[in-house]
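Coordinates as given in target_27.cif (mmCIF, C-alpha atoms):
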data_my_file
loop_
_atom_site.label_atom_id
_atom_site.label_comp_id
_atom_site.auth_asym_id
_atom_site.auth_seq_id
_atom_site.Cartn_x
_atom_site.Cartn_y
_atom_site.Cartn_z
CA MET A 1 13.66 -2.69 14.12
CA THR A 2 10.54 -0.54 13.95
CA GLN A 3 8.57 -0.53 17.20
CA ALA A 4 4.89 -1.32 16.77
CA PRO A 5 2.69 1.70 17.47
CA SER A 6 0.28 1.55 20.38
CA PRO A 7 -3.32 0.48 19.60
CA ASP A 8 -4.33 3.82 21.13
CA SER A 9 -2.22 5.73 18.60
CA PRO A 10 -3.65 7.14 15.34
CA SER A 11 -0.77 5.40 13.57
CA PHE A 12 -1.84 1.93 14.69
CA LEU A 13 -3.35 1.28 11.25
CA GLY A 14 0.02 1.95 9.64
CA ARG A 15 0.28 5.15 7.60
CA VAL A 16 2.07 4.73 4.27
CA LEU A 17 3.03 7.75 2.18
CA VAL A 18 3.43 6.64 -1.43
CA LEU A 19 5.54 8.77 -3.78
CA ALA A 20 4.94 7.33 -7.24
CA GLY A 21 3.24 7.70 -10.59
CA SER A 22 -0.43 7.24 -11.42
CA ASP A 23 -1.60 4.34 -13.61
CA SER A 24 -4.88 5.14 -15.38
CA GLY A 25 -5.52 1.42 -15.82
CA GLY A 26 -5.44 0.90 -12.06
CA GLY A 27 -3.18 -2.14 -12.06
CA ALA A 28 0.10 -0.53 -11.01
CA GLY A 29 1.41 2.76 -9.63
CA VAL A 30 -0.38 4.66 -6.89
CA GLN A 31 -3.65 2.92 -7.68
CA ALA A 32 -2.14 -0.49 -6.92
CA ASP A 33 -0.39 0.95 -3.89
CA ILE A 34 -3.57 2.41 -2.39
CA LYS A 35 -5.47 -0.83 -2.96
CA THR A 36 -2.69 -2.89 -1.41
CA VAL A 37 -2.22 -0.73 1.68
CA THR A 38 -5.97 -0.65 2.25
CA ALA A 39 -6.43 -4.40 1.76
CA LEU A 40 -3.73 -5.05 4.35
CA GLY A 41 -5.36 -2.77 6.89
CA GLY A 42 -3.19 0.32 6.50
CA TYR A 43 -3.84 3.94 5.57
CA ALA A 44 -2.48 5.18 2.23
CA ALA A 45 -1.62 8.77 1.32
CA THR A 46 0.11 9.85 -1.88
CA ALA A 47 2.41 12.33 -3.54
CA ILE A 48 1.94 11.71 -7.26
CA THR A 49 5.09 12.14 -9.35
CA ALA A 50 3.61 11.68 -12.84
CA ILE A 51 0.38 10.93 -14.67
CA THR A 52 0.70 8.03 -17.07
CA VAL A 53 -1.72 7.14 -19.86
CA GLN A 54 -1.81 3.38 -19.81
CA ASN A 55 -3.84 0.19 -19.75
CA THR A 56 -2.94 -3.48 -19.86
CA LEU A 57 -1.57 -3.07 -23.39
CA GLY A 58 1.05 -0.50 -22.45
CA VAL A 59 1.97 3.10 -21.68
CA THR A 60 1.11 5.68 -24.36
CA GLY A 61 1.86 8.87 -22.45
CA VAL A 62 3.79 10.16 -19.43
CA HIS A 63 3.07 13.61 -17.99
CA PRO A 64 5.36 14.73 -15.14
CA ILE A 65 4.06 16.65 -12.14
CA PRO A 66 5.93 19.91 -11.34
CA LEU A 67 8.65 19.32 -8.75
CA ASP A 68 7.29 21.88 -6.30
CA VAL A 69 3.88 20.21 -6.46
CA ILE A 70 5.37 16.77 -5.76
CA GLU A 71 7.14 18.11 -2.69
CA ALA A 72 4.11 20.12 -1.56
CA GLN A 73 1.93 16.98 -1.66
CA ALA A 74 4.38 15.09 0.53
CA ARG A 75 4.84 17.98 2.98
CA ALA A 76 1.09 18.43 3.31
CA VAL A 77 0.72 14.78 4.31
CA LEU A 78 3.70 14.72 6.67
CA ASP A 79 2.76 18.00 8.37
CA ASP A 80 -0.76 16.83 9.16
CA ILE A 81 -1.43 13.10 8.87
CA GLY A 82 2.12 11.85 9.27
CA ALA A 83 3.57 8.56 8.05
CA ASP A 84 4.97 5.34 9.46
CA ALA A 85 6.58 4.23 6.18
CA PHE A 86 7.43 5.60 2.77
CA LYS A 87 7.06 3.72 -0.49
CA THR A 88 8.59 5.12 -3.66
CA GLY A 89 7.84 4.02 -7.20
CA MET A 90 8.12 5.76 -10.57
CA LEU A 91 10.37 8.82 -10.30
CA GLY A 92 11.07 9.53 -13.95
CA ASP A 93 14.00 11.93 -14.02
CA VAL A 94 16.82 13.46 -12.00
CA GLY A 95 14.72 16.34 -10.69
CA VAL A 96 12.07 14.02 -9.28
CA VAL A 97 14.70 11.75 -7.74
CA GLU A 98 16.28 14.74 -6.02
CA THR A 99 12.91 16.01 -4.81
CA VAL A 100 11.77 12.68 -3.40
CA ALA A 101 15.17 12.04 -1.81
CA ARG A 102 14.90 15.41 -0.08
CA VAL A 103 11.51 14.43 1.36
CA LEU A 104 12.90 11.13 2.64
CA ALA A 105 15.95 12.87 4.11
CA SER A 106 13.68 15.23 6.06
CA ALA A 107 12.20 12.25 7.95
CA PRO A 108 15.07 9.76 8.42
CA HIS A 109 13.20 7.96 11.20
CA ILE A 110 10.55 6.76 8.72
CA PRO A 111 11.58 3.56 6.88
CA ALA A 112 11.46 3.77 3.09
CA VAL A 113 10.73 0.92 0.70
CA VAL A 114 12.32 1.96 -2.59
CA ASP A 115 11.06 0.25 -5.74
CA PRO A 116 13.50 1.37 -8.48
CA VAL A 117 10.91 1.46 -11.26
CA MET A 118 12.65 1.71 -14.64
CA ILE A 119 10.55 -0.05 -17.28
CA ALA A 120 6.80 -0.64 -17.52
CA LYS A 121 5.50 -4.19 -17.96
CA GLY A 122 4.88 -3.45 -21.64
CA GLY A 123 8.43 -2.16 -22.17
CA ALA A 124 8.00 1.63 -21.93
CA PRO A 125 10.89 3.40 -20.12
CA LEU A 126 9.83 5.02 -16.84
CA LEU A 127 13.24 6.28 -15.66
CA ALA A 128 15.61 8.37 -17.74
CA ASP A 129 19.05 6.78 -18.19
CA ARG A 130 20.74 9.83 -16.71
CA ALA A 131 18.64 9.44 -13.55
CA ILE A 132 20.11 6.02 -12.71
CA ASP A 133 23.17 7.61 -11.09
CA ALA A 134 20.88 9.86 -9.03
CA VAL A 135 18.94 6.81 -7.81
CA LYS A 136 22.22 5.14 -6.83
CA ALA A 137 23.52 8.19 -5.00
CA LEU A 138 20.36 9.55 -3.39
CA MET A 139 17.71 6.82 -3.11
CA ILE A 140 19.57 3.57 -2.44
CA PRO A 141 21.31 4.85 0.73
CA ARG A 142 17.90 5.89 2.08
CA ALA A 143 16.27 2.51 1.43
CA ALA A 144 15.29 0.45 4.43
CA LEU A 145 14.46 -2.02 1.66
CA LEU A 146 15.31 -1.86 -2.05
CA THR A 147 13.13 -4.09 -4.28
CA PRO A 148 14.73 -4.45 -7.75
CA ASN A 149 13.87 -7.07 -10.34
CA ALA A 150 16.71 -8.62 -12.33
CA PRO A 151 16.90 -5.98 -15.12
CA GLU A 152 16.75 -3.15 -12.59
CA ALA A 153 19.46 -4.72 -10.44
CA SER A 154 21.61 -5.19 -13.51
CA ALA A 155 21.18 -1.53 -14.52
CA LEU A 156 22.06 -0.37 -11.01
CA THR A 157 25.11 -2.59 -10.55
CA GLY A 158 26.40 -3.33 -14.05
CA LEU A 159 26.25 -7.04 -13.23
CA ALA A 160 24.46 -9.75 -15.22
CA VAL A 161 21.51 -11.15 -13.25
CA GLU A 162 20.51 -14.44 -14.82
CA THR A 163 20.82 -16.98 -11.99
CA ILE A 164 20.18 -17.19 -8.26
CA ASP A 165 23.90 -16.72 -7.64
CA ASP A 166 23.74 -13.60 -9.82
CA GLN A 167 20.83 -12.34 -7.72
CA ARG A 168 22.94 -12.83 -4.61
CA ARG A 169 25.95 -11.02 -6.05
CA ALA A 170 23.85 -8.11 -7.26
CA GLY A 171 22.08 -7.87 -3.92
CA GLU A 172 25.39 -7.72 -2.08
CA ALA A 173 26.59 -5.02 -4.49
CA LEU A 174 23.46 -2.98 -3.74
CA LEU A 175 24.14 -3.32 -0.01
CA GLU A 176 27.58 -1.89 -0.71
CA LEU A 177 25.88 1.10 -2.38
CA GLY A 178 24.16 1.80 0.93
CA ALA A 179 20.83 -0.04 0.95
CA HIS A 180 19.96 -1.37 4.40
CA ALA A 181 18.36 -4.46 2.85
CA VAL A 182 17.63 -5.70 -0.66
CA LEU A 183 14.81 -7.92 -1.91
CA MET A 184 16.15 -9.37 -5.15
CA LYS A 185 13.09 -10.42 -7.12
CA GLY A 186 13.51 -13.49 -9.31
CA GLY A 187 10.56 -13.26 -11.67
CA HIS A 188 12.82 -12.47 -14.64
CA VAL A 189 15.26 -15.29 -13.80
CA ALA A 190 14.60 -18.47 -15.77
CA GLY A 191 13.39 -21.57 -13.95
CA GLU A 192 10.29 -23.51 -12.98
CA ARG A 193 10.32 -21.87 -9.56
CA VAL A 194 10.57 -18.21 -8.66
CA VAL A 195 13.06 -17.36 -5.92
CA ASP A 196 13.20 -13.95 -4.27
CA LEU A 197 16.15 -13.31 -1.98
CA LEU A 198 15.98 -10.95 0.99
CA ILE A 199 19.59 -9.95 1.55
CA THR A 200 20.75 -8.02 4.60
CA ARG A 201 24.08 -7.53 6.34
CA GLN A 202 22.92 -10.14 8.87
CA GLY A 203 22.15 -12.84 6.31
CA GLU A 204 19.78 -14.06 3.63
CA THR A 205 16.19 -15.34 3.53
CA SER A 206 14.67 -16.94 0.43
CA PHE A 207 11.04 -16.88 -0.64
CA GLU A 208 10.30 -19.56 -3.21
CA GLY A 209 7.26 -20.80 -5.08
CA GLU A 210 6.16 -22.38 -8.33
CA ARG A 211 6.08 -20.02 -11.28
CA ILE A 212 2.50 -19.01 -12.05
CA ASP A 213 1.69 -19.36 -15.76
CA THR A 214 -0.32 -16.19 -16.31
CA ARG A 215 -0.32 -12.97 -18.32
CA HIS A 216 -1.87 -11.15 -15.37
CA THR A 217 1.29 -9.75 -13.79
CA HIS A 218 0.77 -6.00 -14.20
CA GLY A 219 1.77 -4.14 -11.05
CA THR A 220 3.37 -7.05 -9.20
CA GLY A 221 6.42 -4.97 -8.30
CA CYS A 222 4.43 -1.97 -7.08
CA THR A 223 2.13 -4.25 -5.13
CA LEU A 224 4.93 -6.18 -3.44
CA ALA A 225 6.77 -3.03 -2.39
CA SER A 226 3.67 -1.32 -1.02
CA ALA A 227 2.69 -4.50 0.83
CA VAL A 228 6.10 -4.58 2.53
CA ALA A 229 5.79 -0.89 3.39
CA THR A 230 2.41 -1.60 4.99
CA GLY A 231 3.89 -4.34 7.15
CA LEU A 232 6.73 -2.08 8.25
CA SER A 233 4.29 0.73 9.00
CA GLN A 234 2.38 -1.63 11.28
CA GLY A 235 5.50 -2.57 13.22
CA LEU A 236 6.37 -5.92 11.64
CA PRO A 237 10.04 -6.92 11.52
CA LEU A 238 11.42 -6.74 7.97
CA THR A 239 11.46 -10.48 7.30
CA ASP A 240 7.88 -10.86 8.51
CA ALA A 241 6.76 -7.86 6.44
CA VAL A 242 8.34 -9.39 3.32
CA ALA A 243 6.79 -12.80 4.03
CA GLN A 244 3.33 -11.26 4.44
CA ALA A 245 3.78 -9.24 1.26
CA TRP A 246 5.06 -12.22 -0.71
CA ASN A 247 2.05 -14.35 0.24
CA TYR A 248 -0.34 -11.48 -0.48
CA VAL A 249 1.03 -10.96 -4.00
CA HIS A 250 1.09 -14.69 -4.75
CA GLU A 251 -2.59 -15.04 -3.88
CA ALA A 252 -3.47 -11.82 -5.73
CA MET A 253 -1.89 -13.27 -8.88
CA LEU A 254 -3.77 -16.55 -8.51
CA ARG A 255 -7.05 -14.64 -8.15
CA ALA A 256 -6.42 -12.17 -11.00
CA PRO A 257 -9.79 -11.10 -12.43
CA GLY A 258 -8.76 -11.53 -16.08
CA LEU A 259 -9.22 -7.89 -17.08
CA GLY A 260 -7.75 -6.36 -20.23
CA LYS A 261 -6.18 -7.73 -23.38
CA GLY A 262 -2.54 -7.47 -22.30
CA HIS A 263 -0.70 -7.74 -18.98
CA GLY A 264 -3.72 -7.79 -16.69
CA PRO A 265 -3.99 -6.58 -13.08
CA LEU A 266 -3.99 -8.60 -9.89
CA ASP A 267 -6.87 -8.99 -7.46
CA HIS A 268 -5.68 -6.56 -4.81
CA ALA A 269 -8.87 -6.85 -2.79
CA TRP A 270 -8.82 -10.61 -2.23
CA PRO A 271 -8.33 -10.37 1.59
CA VAL A 272 -11.55 -8.35 1.79
CA ARG A 273 -13.46 -11.11 0.03
CA GLY A 274 -11.95 -13.89 2.16
#
Now that the file is in, can you turn its structure into structure tokens?
Amino acid sequence: MTQAPSPDSPSFLGRVLVLAGSDSGGGAGVQADIKTVTALGGYAATAITAITVQNTLGVTGVHPIPLDVIEAQARAVLDDIGADAFKTGMLGDVGVVETVARVLASAPHIPAVVDPVMIAKGGAPLLADRAIDAVKALMIPRAALLTPNAPEASALTGLAVETIDDQRRAGEALLELGAHAVLMKGGHVAGERVVDLLITRQGETSFEGERIDTRHTHGTGCTLASAVATGLSQGLPLTDAVAQAWNYVHEAMLRAPGLGKGHGPLDHAWPVRG
């Protein structure tokens, strides 16, 4: 369990270092992460892994950042500002996975929330097939929490994920691969209610709510993962951090501003507005 920092410490806000791709549309990626961390009272810093050209209609371009620049961004933050939690998102290829894993390995005391981003909301691939094995070998064992949706969990485990029982089996398989905890997201699993399962070696906690009928779901995965990372950075126990994040995302979806013609963004700033 992460010990809460002292109110007299500079880390009391909760410092989250995000290693992920940029979304020009602002609904996902580092933009969503920064908004989320800030709205929940934390401090966000970033190491950008790629520049994407995208809006609510989809991704039309992906431009990787040089590996040495990715690592230099992260080292610059850690050497000066520091971090209380990591959050990883879009990694893209084997080289980026290896680079980010090396950063995480250099600070094993900092919990990492690993969002295994593979496909954009509009269907564009964001992780090369050959990088999946690298994620399994290098990222999953370093995850204080892994946050896959059903297709991602299926790709990582080779198991079908179409029911709640499938979510449970896949989550247990991911624990066997080395994750310390797994939040199996149920948004892609059919049913009137959405059930996310937090699976640890100590047991299981479910988070359940009515399915929201909306096209404004862009960035939900990024937002949930960064919200959990914020809670962990502020000293919350894992279950409490997930519960806070789950409620935050649910409300952000309900308050979506209706922007764009496709998969629209959430209202990340709703706690600020009250």
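Listed by chain and then by number, the residues chosen by the PyMOL selection byres ((chain A and resi 169) around 12) in this file are Ala150, Ala153, Ser154, Thr157, Gly158, Leu159, Ala160, Val161, Glu162, Thr163, Ile164, Asp165, Asp166, Gln167, Arg168, Ala170, Gly171, Glu172, Ala173, Leu174, Leu175, Glu176, Val182, Met184, Leu197, Ile199 and Glu204 of chain A.
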Exercise for the section: Evaluate the PyMOL selection byres ((chain A and resi 28-39) around 8) and record the selected residues as number ranges by chain, following the chain and residue labels used in the document. Expected result: A: 16, 18-23, 25-27, 40-46, 48, 89-90, 218-220, 222-223, 226-227, 230, 265, 268-272
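What the PyMOL selection byres ((chain A and resi 81) around 10) matches in the given file is Pro10, Ser11, Arg15, Leu17, Ala45, Arg75, Ala76, Val77, Leu78, Asp79, Asp80, Gly82 and Ala83 of chain A.
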Keeping only C-alpha atoms, write the selected residues to a file as a PDB file, in the coordinates of the input.
ATOM      1  CA  PRO A  10      -3.650   7.140  15.340  1.00  0.00           C
ATOM      2  CA  SER A  11      -0.770   5.400  13.570  1.00  0.00           C
ATOM      3  CA  ARG A  15       0.280   5.150   7.600  1.00  0.00           C
ATOM      4  CA  LEU A  17       3.030   7.750   2.180  1.00  0.00           C
ATOM      5  CA  ALA A  45      -1.620   8.770   1.320  1.00  0.00           C
ATOM      6  CA  ARG A  75       4.840  17.980   2.980  1.00  0.00           C
ATOM      7  CA  ALA A  76       1.090  18.430   3.310  1.00  0.00           C
ATOM      8  CA  VAL A  77       0.720  14.780   4.310  1.00  0.00           C
ATOM      9  CA  LEU A  78       3.700  14.720   6.670  1.00  0.00           C
ATOM     10  CA  ASP A  79       2.760  18.000   8.370  1.00  0.00           C
ATOM     11  CA  ASP A  80      -0.760  16.830   9.160  1.00  0.00           C
ATOM     12  CA  GLY A  82       2.120  11.850   9.270  1.00  0.00           C
ATOM     13  CA  ALA A  83       3.570   8.560   8.050  1.00  0.00           C
TER      14      ALA A  83
END
Assuming 4 Å of padding per side, give the centre and edge lengths of the axis-aligned box around every listed atom of segment 203-215 of chain A, in Å to one decimal and as AutoDock Vina command-line options.
--center_x 10.9 --center_y -17.6 --center_z -6.0 --size_x 30.5 --size_y 17.5 --size_z 32.6
Handout entry: Interatomic distance (Å, one decimal) between atom CA of Ala72 of chain A and atom CA of Leu224 of chain A
Key = 26.4 Å
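Minimum distance to Leu104 of chain A across A:Ala143, A:Val117, A:Ala128, A:Ala190 (counting all atoms listed in the file) occurs at A:Ala143.
The neighbours of segment 57-63 of chain A here are the residues that come within 7 Å of it, using all atoms listed in the file and leaving out any residue fewer than 2 positions away in the same chain; they are Ala50, Ile51, Thr52, Val53, Gln54, Asn55, Ile65, Gly122, Ala124, Lys261, Gly262 and His263 of chain A.
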Problem - Coordinates-based distance that separates atom CA of Thr99 of chain A from atom CA of Ser233 of chain A (Å, one decimal) - result: 22.3 Å
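When atom CA of Asp68 of chain A is paired with atom CA of Gly95 of chain A, their separation reads 10.3 Å.
Distance check against Val135 of chain A using only C-alpha atoms: of A:Leu232, A:Val97, A:Ala181, A:Val189, the minimum falls on A:Val97.
When all atoms listed in the file are used to measure the gap to Arg102 of chain A, the shortest distance among A:Arg273, A:Arg142, A:Arg193, A:His180 belongs to A:Arg142.
Nearest to Leu183 of chain A of all the residues A:Ile212, A:Gln234, A:Asp115, A:Ala137 is A:Asp115, based on only C-alpha atoms.
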Fill in the blank from the handout: Restricting to only C-alpha atoms, whichever of A:Val114, A:Leu198, A:Leu254, A:Val242 is closest to Pro141 of chain A is A:Val114
